[in-house]
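S.K.: The file below is entry.cif, mmCIF, C-alpha atoms, pLDDT in the B column; chains and numbers go by the auth columns:
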data_data
loop_
_atom_site.group_PDB
_atom_site.id
_atom_site.type_symbol
_atom_site.label_atom_id
_atom_site.label_comp_id
_atom_site.label_asym_id
_atom_site.label_seq_id
_atom_site.Cartn_x
_atom_site.Cartn_y
_atom_site.Cartn_z
_atom_site.B_iso_or_equiv
_atom_site.auth_seq_id
_atom_site.auth_asym_id
ATOM 1 C CA MET A 1 -95.854 68.074 -19.533 78.00 397 A
ATOM 2 C CA LEU A 2 -97.714 67.702 -16.294 89.00 398 A
ATOM 3 C CA CYS A 3 -99.387 64.790 -14.578 94.00 399 A
ATOM 4 C CA PHE A 4 -100.690 64.701 -11.051 94.00 400 A
ATOM 5 C CA GLU A 5 -102.139 62.647 -8.252 93.00 401 A
ATOM 6 C CA THR A 6 -103.875 63.565 -5.032 93.00 402 A
ATOM 7 C CA LYS A 7 -103.595 61.712 -1.763 94.00 403 A
ATOM 8 C CA LYS A 8 -105.538 63.091 1.192 91.00 404 A
ATOM 9 C CA ASN A 9 -104.759 66.805 1.077 94.00 405 A
ATOM 10 C CA THR A 10 -101.564 66.506 -0.938 97.00 406 A
ATOM 11 C CA LEU A 11 -101.405 67.320 -4.629 97.00 407 A
ATOM 12 C CA THR A 12 -98.314 65.852 -6.274 98.00 408 A
ATOM 13 C CA VAL A 13 -97.439 67.257 -9.674 98.00 409 A
ATOM 14 C CA ARG A 14 -94.922 65.490 -11.887 97.00 410 A
ATOM 15 C CA LEU A 15 -93.261 67.680 -14.493 97.00 411 A
ATOM 16 C CA SER A 16 -91.426 66.243 -17.450 97.00 412 A
ATOM 17 C CA GLY A 17 -89.632 67.614 -20.502 96.00 413 A
ATOM 18 C CA GLU A 18 -88.256 71.136 -20.435 97.00 414 A
ATOM 19 C CA LEU A 19 -89.304 73.845 -17.996 97.00 415 A
ATOM 20 C CA ASP A 20 -88.561 77.220 -19.571 97.00 416 A
ATOM 21 C CA HIS A 21 -90.528 80.451 -19.896 95.00 417 A
ATOM 22 C CA SER A 22 -92.611 79.065 -22.736 94.00 418 A
ATOM 23 C CA ALA A 23 -93.593 75.885 -20.864 95.00 419 A
ATOM 24 C CA ALA A 24 -94.060 77.672 -17.517 95.00 420 A
ATOM 25 C CA LYS A 25 -96.924 79.763 -18.902 91.00 421 A
ATOM 26 C CA ASP A 26 -99.025 76.676 -19.669 92.00 422 A
ATOM 27 C CA ILE A 27 -98.043 74.751 -16.542 96.00 423 A
ATOM 28 C CA ARG A 28 -98.935 77.723 -14.348 95.00 424 A
ATOM 29 C CA ARG A 29 -102.427 77.967 -15.812 95.00 425 A
ATOM 30 C CA GLU A 30 -103.102 74.248 -15.494 95.00 426 A
ATOM 31 C CA LEU A 31 -101.636 74.020 -12.010 96.00 427 A
ATOM 32 C CA ASP A 32 -103.556 76.948 -10.549 96.00 428 A
ATOM 33 C CA ALA A 33 -106.806 75.412 -11.741 96.00 429 A
ATOM 34 C CA LEU A 34 -105.807 72.077 -10.157 96.00 430 A
ATOM 35 C CA ILE A 35 -104.976 73.696 -6.819 96.00 431 A
ATOM 36 C CA VAL A 36 -108.387 75.337 -6.631 95.00 432 A
ATOM 37 C CA GLN A 37 -110.203 72.259 -7.908 95.00 433 A
ATOM 38 C CA THR A 38 -108.547 69.807 -5.482 95.00 434 A
ATOM 39 C CA ASP A 39 -108.410 72.308 -2.598 95.00 435 A
ATOM 40 C CA ALA A 40 -105.026 70.781 -1.685 96.00 436 A
ATOM 41 C CA ARG A 41 -103.239 71.830 1.508 97.00 437 A
ATOM 42 C CA LYS A 42 -99.877 70.667 0.284 98.00 438 A
ATOM 43 C CA LEU A 43 -98.409 70.923 -3.200 98.00 439 A
ATOM 44 C CA VAL A 44 -95.435 68.720 -4.097 98.00 440 A
ATOM 45 C CA PHE A 45 -93.455 69.346 -7.287 98.00 441 A
ATOM 46 C CA ASP A 46 -91.820 66.130 -8.462 98.00 442 A
ATOM 47 C CA LEU A 47 -89.086 67.286 -10.863 98.00 443 A
ATOM 48 C CA LYS A 48 -87.366 63.944 -11.470 97.00 444 A
ATOM 49 C CA GLY A 49 -88.641 63.808 -15.055 97.00 445 A
ATOM 50 C CA LEU A 50 -87.335 67.236 -16.093 97.00 446 A
ATOM 51 C CA ASP A 51 -84.675 67.301 -18.811 96.00 447 A
ATOM 52 C CA PHE A 52 -84.074 71.029 -18.488 97.00 448 A
ATOM 53 C CA MET A 53 -84.931 73.931 -16.209 98.00 449 A
ATOM 54 C CA ASP A 54 -83.904 77.589 -16.186 97.00 450 A
ATOM 55 C CA SER A 55 -84.903 80.408 -13.830 97.00 451 A
ATOM 56 C CA SER A 56 -88.506 80.065 -15.018 96.00 452 A
ATOM 57 C CA GLY A 57 -88.654 77.186 -12.516 97.00 453 A
ATOM 58 C CA ILE A 58 -87.949 79.619 -9.670 97.00 454 A
ATOM 59 C CA GLY A 59 -90.810 81.864 -10.773 95.00 455 A
ATOM 60 C CA LEU A 60 -93.167 78.922 -11.107 97.00 456 A
ATOM 61 C CA VAL A 61 -92.422 77.493 -7.655 97.00 457 A
ATOM 62 C CA ILE A 62 -92.385 80.866 -5.851 96.00 458 A
ATOM 63 C CA GLY A 63 -95.642 81.843 -7.543 95.00 459 A
ATOM 64 C CA ARG A 64 -97.302 78.634 -6.337 97.00 460 A
ATOM 65 C CA TYR A 65 -95.756 79.105 -2.879 97.00 461 A
ATOM 66 C CA LYS A 66 -97.521 82.483 -2.640 95.00 462 A
ATOM 67 C CA LEU A 67 -100.804 80.992 -3.819 96.00 463 A
ATOM 68 C CA MET A 68 -100.617 78.039 -1.418 97.00 464 A
ATOM 69 C CA LYS A 69 -99.675 80.325 1.464 97.00 465 A
ATOM 70 C CA ARG A 70 -102.740 82.480 0.812 96.00 466 A
ATOM 71 C CA ARG A 71 -104.817 79.307 0.906 96.00 467 A
ATOM 72 C CA GLY A 72 -103.198 78.206 4.170 97.00 468 A
ATOM 73 C CA GLY A 73 -101.070 75.502 2.573 97.00 469 A
ATOM 74 C CA SER A 74 -97.448 74.750 1.766 97.00 470 A
ATOM 75 C CA VAL A 75 -95.158 73.672 -1.090 98.00 471 A
ATOM 76 C CA ALA A 76 -92.379 71.094 -1.370 98.00 472 A
ATOM 77 C CA VAL A 77 -90.098 69.974 -4.188 98.00 473 A
ATOM 78 C CA SER A 78 -88.621 66.539 -4.825 98.00 474 A
ATOM 79 C CA GLY A 79 -86.480 64.795 -7.416 97.00 475 A
ATOM 80 C CA THR A 80 -84.181 67.783 -7.998 97.00 476 A
ATOM 81 C CA ASP A 81 -80.814 67.067 -9.615 96.00 477 A
ATOM 82 C CA ALA A 82 -77.603 69.021 -8.881 95.00 478 A
ATOM 83 C CA HIS A 83 -78.302 71.558 -11.628 96.00 479 A
ATOM 84 C CA ILE A 84 -81.830 72.335 -10.448 97.00 480 A
ATOM 85 C CA ASP A 85 -80.619 72.475 -6.839 97.00 481 A
ATOM 86 C CA GLN A 86 -78.003 75.027 -7.811 97.00 482 A
ATOM 87 C CA ILE A 87 -80.620 77.253 -9.481 97.00 483 A
ATOM 88 C CA PHE A 88 -83.042 76.978 -6.544 97.00 484 A
ATOM 89 C CA LYS A 89 -80.266 77.731 -4.043 97.00 485 A
ATOM 90 C CA MET A 90 -79.280 80.900 -5.925 96.00 486 A
ATOM 91 C CA ALA A 91 -82.769 82.198 -5.221 95.00 487 A
ATOM 92 C CA GLY A 92 -82.843 80.983 -1.603 96.00 488 A
ATOM 93 C CA LEU A 93 -85.849 78.890 -2.523 96.00 489 A
ATOM 94 C CA TYR A 94 -85.272 76.268 0.159 97.00 490 A
ATOM 95 C CA GLN A 95 -85.987 78.893 2.790 96.00 491 A
ATOM 96 C CA LEU A 96 -89.564 78.933 1.516 96.00 492 A
ATOM 97 C CA VAL A 97 -90.247 75.419 0.305 97.00 493 A
ATOM 98 C CA GLU A 98 -89.290 72.079 1.733 97.00 494 A
ATOM 99 C CA ARG A 99 -86.915 69.881 -0.232 97.00 495 A
ATOM 100 C CA LEU A 100 -87.885 66.215 -0.147 96.00 496 A
ATOM 101 C CA ALA A 101 -85.501 63.427 -1.113 81.00 497 A
ATOM 102 C CA MET B 1 -58.780 83.915 -29.552 72.00 152 B
ATOM 103 C CA SER B 2 -58.017 82.024 -32.729 91.00 153 B
ATOM 104 C CA VAL B 3 -61.461 80.861 -33.814 92.00 154 B
ATOM 105 C CA ILE B 4 -61.723 77.412 -35.327 94.00 155 B
ATOM 106 C CA ASN B 5 -65.498 77.232 -35.588 97.00 156 B
ATOM 107 C CA GLU B 6 -68.275 79.798 -35.541 98.00 157 B
ATOM 108 C CA MET B 7 -71.974 80.152 -36.296 98.00 158 B
ATOM 109 C CA ARG B 8 -74.620 82.854 -36.597 98.00 159 B
ATOM 110 C CA LEU B 9 -78.369 82.546 -36.297 98.00 160 B
ATOM 111 C CA GLU B 10 -81.344 84.878 -36.486 98.00 161 B
ATOM 112 C CA PHE B 11 -84.769 83.948 -35.266 98.00 162 B
ATOM 113 C CA THR B 12 -88.105 85.531 -34.405 98.00 163 B
ATOM 114 C CA ALA B 13 -88.464 86.790 -30.830 98.00 164 B
ATOM 115 C CA THR B 14 -91.110 84.289 -29.829 96.00 165 B
ATOM 116 C CA SER B 15 -91.034 82.031 -26.795 94.00 166 B
ATOM 117 C CA GLU B 16 -91.156 78.840 -28.895 94.00 167 B
ATOM 118 C CA ASN B 17 -87.627 79.739 -30.017 97.00 168 B
ATOM 119 C CA GLU B 18 -86.157 79.536 -26.493 97.00 169 B
ATOM 120 C CA ALA B 19 -85.862 75.763 -26.909 97.00 170 B
ATOM 121 C CA PHE B 20 -84.532 76.151 -30.454 98.00 171 B
ATOM 122 C CA ALA B 21 -81.751 78.501 -29.290 98.00 172 B
ATOM 123 C CA ARG B 22 -80.665 76.068 -26.553 97.00 173 B
ATOM 124 C CA LEU B 23 -80.629 73.125 -28.937 97.00 174 B
ATOM 125 C CA ALA B 24 -78.703 75.062 -31.589 98.00 175 B
ATOM 126 C CA VAL B 25 -75.970 76.008 -29.127 98.00 176 B
ATOM 127 C CA SER B 26 -75.701 72.500 -27.706 97.00 177 B
ATOM 128 C CA GLY B 27 -75.368 71.098 -31.202 98.00 178 B
ATOM 129 C CA PHE B 28 -72.713 73.657 -32.074 98.00 179 B
ATOM 130 C CA MET B 29 -70.561 72.897 -29.023 97.00 180 B
ATOM 131 C CA LEU B 30 -70.764 69.106 -29.342 96.00 181 B
ATOM 132 C CA PRO B 31 -67.356 68.801 -31.105 95.00 182 B
ATOM 133 C CA LEU B 32 -65.804 70.144 -27.871 95.00 183 B
ATOM 134 C CA ASP B 33 -67.082 66.973 -26.184 95.00 184 B
ATOM 135 C CA PRO B 34 -68.574 68.833 -23.214 96.00 185 B
ATOM 136 C CA THR B 35 -69.678 67.056 -20.053 96.00 186 B
ATOM 137 C CA MET B 36 -73.412 66.891 -19.308 95.00 187 B
ATOM 138 C CA GLU B 37 -72.819 69.551 -16.671 96.00 188 B
ATOM 139 C CA GLU B 38 -71.042 71.935 -19.055 97.00 189 B
ATOM 140 C CA LEU B 39 -73.801 71.411 -21.593 97.00 190 B
ATOM 141 C CA ALA B 40 -76.501 72.138 -19.007 97.00 191 B
ATOM 142 C CA ASP B 41 -74.646 75.269 -17.824 98.00 192 B
ATOM 143 C CA VAL B 42 -74.417 76.717 -21.341 98.00 193 B
ATOM 144 C CA LYS B 43 -77.975 75.757 -22.303 98.00 194 B
ATOM 145 C CA THR B 44 -79.322 77.404 -19.164 98.00 195 B
ATOM 146 C CA ALA B 45 -77.342 80.626 -19.684 98.00 196 B
ATOM 147 C CA VAL B 46 -78.477 80.828 -23.331 98.00 197 B
ATOM 148 C CA SER B 47 -82.060 80.190 -22.297 98.00 198 B
ATOM 149 C CA GLU B 48 -81.911 83.103 -19.827 97.00 199 B
ATOM 150 C CA ALA B 49 -80.408 85.540 -22.315 98.00 200 B
ATOM 151 C CA VAL B 50 -82.791 84.615 -25.131 98.00 201 B
ATOM 152 C CA THR B 51 -85.809 84.723 -22.807 96.00 202 B
ATOM 153 C CA ASN B 52 -84.773 88.228 -21.685 96.00 203 B
ATOM 154 C CA ALA B 53 -84.616 89.347 -25.312 97.00 204 B
ATOM 155 C CA ILE B 54 -88.037 87.874 -26.065 96.00 205 B
ATOM 156 C CA ILE B 55 -90.014 89.007 -23.029 93.00 206 B
ATOM 157 C CA HIS B 56 -88.222 92.166 -21.934 93.00 207 B
ATOM 158 C CA ALA B 57 -86.510 93.642 -24.999 95.00 208 B
ATOM 159 C CA TYR B 58 -89.360 93.086 -27.433 96.00 209 B
ATOM 160 C CA ALA B 59 -92.178 92.499 -24.925 91.00 210 B
ATOM 161 C CA GLY B 60 -94.537 90.958 -27.467 88.00 211 B
ATOM 162 C CA LYS B 61 -93.594 93.282 -30.308 93.00 212 B
ATOM 163 C CA PRO B 62 -92.198 91.711 -33.468 95.00 213 B
ATOM 164 C CA GLY B 63 -88.422 91.517 -33.690 97.00 214 B
ATOM 165 C CA MET B 64 -85.459 89.274 -34.306 98.00 215 B
ATOM 166 C CA VAL B 65 -82.933 87.780 -31.912 98.00 216 B
ATOM 167 C CA HIS B 66 -79.399 87.390 -33.264 98.00 217 B
ATOM 168 C CA MET B 67 -77.264 84.677 -31.768 98.00 218 B
ATOM 169 C CA SER B 68 -73.679 83.843 -32.632 98.00 219 B
ATOM 170 C CA ALA B 69 -71.153 81.516 -31.090 98.00 220 B
ATOM 171 C CA ALA B 70 -67.511 80.599 -31.625 98.00 221 B
ATOM 172 C CA TYR B 71 -64.795 78.520 -30.039 97.00 222 B
ATOM 173 C CA ASP B 72 -61.048 78.272 -30.322 96.00 223 B
ATOM 174 C CA GLY B 73 -58.626 75.377 -30.061 94.00 224 B
ATOM 175 C CA THR B 74 -58.346 75.751 -26.299 94.00 225 B
ATOM 176 C CA GLY B 75 -62.047 75.123 -25.737 95.00 226 B
ATOM 177 C CA GLU B 76 -62.873 78.786 -25.064 97.00 227 B
ATOM 178 C CA LEU B 77 -66.517 79.160 -26.094 98.00 228 B
ATOM 179 C CA THR B 78 -68.072 82.583 -26.629 98.00 229 B
ATOM 180 C CA ILE B 79 -71.745 83.266 -27.246 98.00 230 B
ATOM 181 C CA GLN B 80 -73.335 86.558 -28.187 98.00 231 B
ATOM 182 C CA ILE B 81 -77.044 87.316 -28.033 98.00 232 B
ATOM 183 C CA VAL B 82 -78.194 90.593 -29.561 98.00 233 B
ATOM 184 C CA ASP B 83 -81.623 92.212 -29.738 98.00 234 B
ATOM 185 C CA HIS B 84 -82.808 95.523 -31.151 98.00 235 B
ATOM 186 C CA GLY B 85 -85.504 95.963 -28.539 97.00 236 B
ATOM 187 C CA CYS B 86 -86.138 98.539 -25.829 96.00 237 B
ATOM 188 C CA GLY B 87 -82.723 98.348 -24.174 96.00 238 B
ATOM 189 C CA ILE B 88 -81.911 98.469 -20.459 95.00 239 B
ATOM 190 C CA VAL B 89 -81.725 101.862 -18.736 94.00 240 B
ATOM 191 C CA ASP B 90 -79.596 100.719 -15.789 93.00 241 B
ATOM 192 C CA VAL B 91 -77.640 97.560 -16.598 94.00 242 B
ATOM 193 C CA GLN B 92 -75.990 97.345 -13.196 94.00 243 B
ATOM 194 C CA ARG B 93 -79.373 97.405 -11.487 92.00 244 B
ATOM 195 C CA ALA B 94 -80.858 94.895 -13.946 92.00 245 B
ATOM 196 C CA ARG B 95 -78.069 92.451 -13.067 93.00 246 B
ATOM 197 C CA GLN B 96 -78.944 92.469 -9.363 92.00 247 B
ATOM 198 C CA PRO B 97 -80.570 89.257 -8.099 91.00 248 B
ATOM 199 C CA PHE B 98 -84.378 89.425 -7.979 88.00 249 B
ATOM 200 C CA PHE B 99 -84.567 92.585 -10.086 87.00 250 B
ATOM 201 C CA THR B 100 -87.466 92.294 -12.513 87.00 251 B
ATOM 202 C CA THR B 101 -89.703 94.667 -14.423 82.00 252 B
ATOM 203 C CA SER B 102 -92.232 91.971 -15.201 75.00 253 B
ATOM 204 C CA ASP B 103 -94.751 91.201 -12.458 66.00 254 B
ATOM 205 C CA SER B 104 -97.430 89.569 -14.556 68.00 255 B
ATOM 206 C CA GLU B 105 -95.093 86.997 -16.117 71.00 256 B
ATOM 207 C CA GLU B 106 -93.890 85.667 -12.758 83.00 257 B
ATOM 208 C CA ARG B 107 -90.251 86.237 -13.631 84.00 258 B
ATOM 209 C CA SER B 108 -87.903 85.649 -10.741 88.00 259 B
ATOM 210 C CA GLY B 109 -85.379 88.326 -11.663 91.00 260 B
ATOM 211 C CA MET B 110 -82.627 85.705 -11.459 94.00 261 B
ATOM 212 C CA GLY B 111 -81.743 85.533 -15.165 95.00 262 B
ATOM 213 C CA PHE B 112 -78.462 87.449 -15.038 96.00 263 B
ATOM 214 C CA THR B 113 -77.474 85.763 -11.768 96.00 264 B
ATOM 215 C CA VAL B 114 -77.973 82.367 -13.416 97.00 265 B
ATOM 216 C CA MET B 115 -75.908 83.437 -16.454 98.00 266 B
ATOM 217 C CA GLU B 116 -73.111 84.674 -14.196 97.00 267 B
ATOM 218 C CA SER B 117 -73.123 81.491 -12.125 97.00 268 B
ATOM 219 C CA PHE B 118 -72.992 79.085 -15.056 98.00 269 B
ATOM 220 C CA MET B 119 -70.613 80.973 -17.355 98.00 270 B
ATOM 221 C CA ASP B 120 -67.058 82.227 -16.727 98.00 271 B
ATOM 222 C CA GLY B 121 -67.789 85.707 -18.049 98.00 272 B
ATOM 223 C CA VAL B 122 -70.929 87.736 -18.814 98.00 273 B
ATOM 224 C CA ASP B 123 -70.745 91.182 -20.368 98.00 274 B
ATOM 225 C CA VAL B 124 -73.853 93.274 -21.007 98.00 275 B
ATOM 226 C CA THR B 125 -74.008 96.441 -23.075 98.00 276 B
ATOM 227 C CA SER B 126 -77.268 98.213 -23.736 97.00 277 B
ATOM 228 C CA VAL B 127 -78.541 101.423 -25.293 97.00 278 B
ATOM 229 C CA PRO B 128 -82.097 102.409 -24.351 97.00 279 B
ATOM 230 C CA GLY B 129 -84.257 102.450 -27.464 96.00 280 B
ATOM 231 C CA GLU B 130 -81.645 100.578 -29.518 97.00 281 B
ATOM 232 C CA GLY B 131 -81.101 97.209 -27.933 98.00 282 B
ATOM 233 C CA THR B 132 -78.940 94.955 -25.817 98.00 283 B
ATOM 234 C CA THR B 133 -75.913 92.755 -26.404 98.00 284 B
ATOM 235 C CA VAL B 134 -75.021 89.948 -24.004 98.00 285 B
ATOM 236 C CA ARG B 135 -71.594 88.336 -24.438 98.00 286 B
ATOM 237 C CA MET B 136 -70.826 85.215 -22.482 98.00 287 B
ATOM 238 C CA SER B 137 -67.803 82.971 -22.353 98.00 288 B
ATOM 239 C CA LYS B 138 -66.966 79.628 -20.876 98.00 289 B
ATOM 240 C CA ARG B 139 -63.903 77.430 -21.052 97.00 290 B
ATOM 241 C CA ILE B 140 -64.896 73.886 -21.950 97.00 291 B
ATOM 242 C CA LEU B 141 -62.263 71.544 -20.548 94.00 292 B
ATOM 243 C CA LEU B 142 -60.789 69.594 -23.427 90.00 293 B
ATOM 244 C CA ARG B 143 -60.330 65.904 -22.933 82.00 294 B
ATOM 245 C CA ASP B 144 -57.430 64.126 -24.622 70.00 295 B
ATOM 246 C CA ASP B 145 -59.493 62.759 -27.470 64.00 296 B
ATOM 247 C CA ALA B 146 -61.522 65.915 -28.100 56.00 297 B
ATOM 248 C CA PHE B 147 -61.911 66.915 -31.706 60.00 298 B
ATOM 249 C CA PRO B 148 -60.641 70.533 -31.951 58.00 299 B
ATOM 250 C CA GLN B 149 -57.018 70.996 -32.931 55.00 300 B
ATOM 251 C CA GLN B 150 -55.050 74.137 -32.246 51.00 301 B
ATOM 252 C CA ALA B 151 -55.208 76.129 -35.487 44.00 302 B
#
Go through the file and emit its structure as structure tokens.

M.R.:
Amino acid sequence: MLCFETKKNTLTVRLSGELDHSAAKDIRRELDALIVQTDARKLVFDLKGLDFMDSSGIGLVIGRYKLMKRRGGSVAVSGTDAHIDQIFKMAGLYQLVERLA
Amino acid sequence: MSVINEMRLEFTATSENEAFARLAVSGFMLPLDPTMEELADVKTAVSEAVTNAIIHAYAGKPGMVHMSAAYDGTGELTIQIVDHGCGIVDVQRARQPFFTTSDSEERSGMGFTVMESFMDGVDVTSVPGEGTTVRMSKRILLRDDAFPQQA
């Protein structure tokens, strides 16, 4: 599940439920359309509402990082719990995207 | 390992069943009274292994994923995930972080790394053209009032 809000040039996307390979396919499609449509400079993933995430989350965030970089923008994540942090750190994700509190 | 509980499941290799596999394993291990963290570790590792079977081994072709799990009275949990898909030519290489054969699906190549980080042991055997078996184990720390009794 995905809901979003835009403030100035920032697109904040709140994910809830379970983020696995199956869910990532749909989120990716929806999110890429939103990025183009809003022409956001900054994309923030709010992951507080996630009940589960596997390595599909890494692919989703890195994929959007590449897209935002091409468009001259950046990506941040917020609301990560210890489990999600551990998965992101394995992939060195915080070298690419900012981690907000 | 003196098994006191075991289960076997077979399901279609379709991505909807990733969630089913995770839920089935969490339900099975509930008598061990795992912590939220242990539960999340096992669910994540199972999700990675089952996703690999669905998107890499079968790659959209019809097939079945076989999952079994068992635990003993000490809380040693073992999970096996078997497919009869394309197999892995170089298992050692496939286990390297960031190795992926799937560009279009945006896979991170971190599946095996995640399994290794969250489980105590991960063993992968594969025969190209025949399929892959992933065996994982994790010791669930038993609390005083936990259900399983030494058989």

S.K.: Quick one: residues within 10 Å of (-102.1, 74.8, -9.0) (file frame), counting all atoms listed in the file, please, as a list in words.

M.R.: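 Answer for this query, in the requested form: Leu407, Val409, Ile423, Arg424, Arg425, Glu426, Leu427, Asp428, Ala429, Leu430, Ile431, Val432, Gln433, Thr434, Asp435, Ala436, Leu439, Gly459, Arg460, Tyr461, Leu463 and Met464 of chain A.
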
S.K.: Please build the interface table for chain B against chain A with a cut-off of 10 Å, listing for each qualifying residue the nearest atom pair and the distance in Å to one decimal; count only C-alpha atoms, order rows by chain and increasing number, and write it as CSV.

M.R.:
residue,atom,partner,partner_atom,distance
B:Thr165,CA,A:Ser418,CA,8.9
B:Ser166,CA,A:Ser418,CA,5.3
B:Glu167,CA,A:Ser418,CA,6.3
B:Asn168,CA,A:Ser418,CA,8.8
B:Glu169,CA,A:Ser418,CA,7.5
B:Ala170,CA,A:Asp416,CA,8.0
B:Glu188,CA,A:His479,CA,7.7
B:Ala191,CA,A:His479,CA,7.6
B:Asp192,CA,A:His479,CA,8.1
B:Lys194,CA,A:Phe448,CA,8.6
B:Thr195,CA,A:Asp450,CA,5.5
B:Ala196,CA,A:Asp450,CA,8.0
B:Val197,CA,A:Asp450,CA,9.5
B:Ser198,CA,A:Asp450,CA,6.9
B:Glu199,CA,A:Asp450,CA,6.9
B:Thr202,CA,A:His417,CA,7.0
B:Asn203,CA,A:His417,CA,9.8
B:Ile205,CA,A:His417,CA,10.0
B:Ile206,CA,A:His417,CA,9.1
B:Pro248,CA,A:Ala487,CA,7.9
B:Phe249,CA,A:Ala487,CA,7.9
B:Glu256,CA,A:Lys421,CA,8.0
B:Glu257,CA,A:Gly455,CA,5.3
B:Arg258,CA,A:Gly455,CA,5.3
B:Ser259,CA,A:Gly455,CA,4.8
B:Gly260,CA,A:Ser451,CA,8.2
B:Met261,CA,A:Ser451,CA,6.2
B:Gly262,CA,A:Ser451,CA,6.2
B:Phe263,CA,A:Ser451,CA,9.6
B:Thr264,CA,A:Met486,CA,7.8
B:Val265,CA,A:Ile483,CA,7.0
B:Met266,CA,A:Ser451,CA,9.8
B:Ser268,CA,A:Met486,CA,8.8
B:Phe269,CA,A:Ile483,CA,9.6

S.K.: If you apply the PyMOL selection byres ((chain A and resi 472) around 12) to this file, what residues do you get, as a PyMOL selection string?

M.R.: chain A and resi 406-409+437-443+457-458+460-461+464+469-471+473-476+489-497

S.K.: Would you mind telling me which residue in B:Thr225, B:Thr163, B:Gln231, B:Ser153 lies nearest to Thr284 of chain B when using all atoms listed in the file?

M.R.: B:Gln231

S.K.: Box for segment 204-220 of chain B - axis-aligned, 8 Å on each of the six sides, all listed atoms - centre and size in Å to one decimal, as lines of an AutoDock Vina configuration file.

M.R.:
center_x = -82.8
center_y = 87.6
center_z = -28.1
size_x = 39.4
size_y = 28.1
size_z = 28.4

S.K.: Can you tell me, as a ChimeraX atom specification, what residues are no more than 12 Å from Glu157 of chain B when counting only C-alpha atoms, ignoring any on the same chain fewer than 6 positions away?

M.R.: /B:176,179-180,182,218-224,227-231
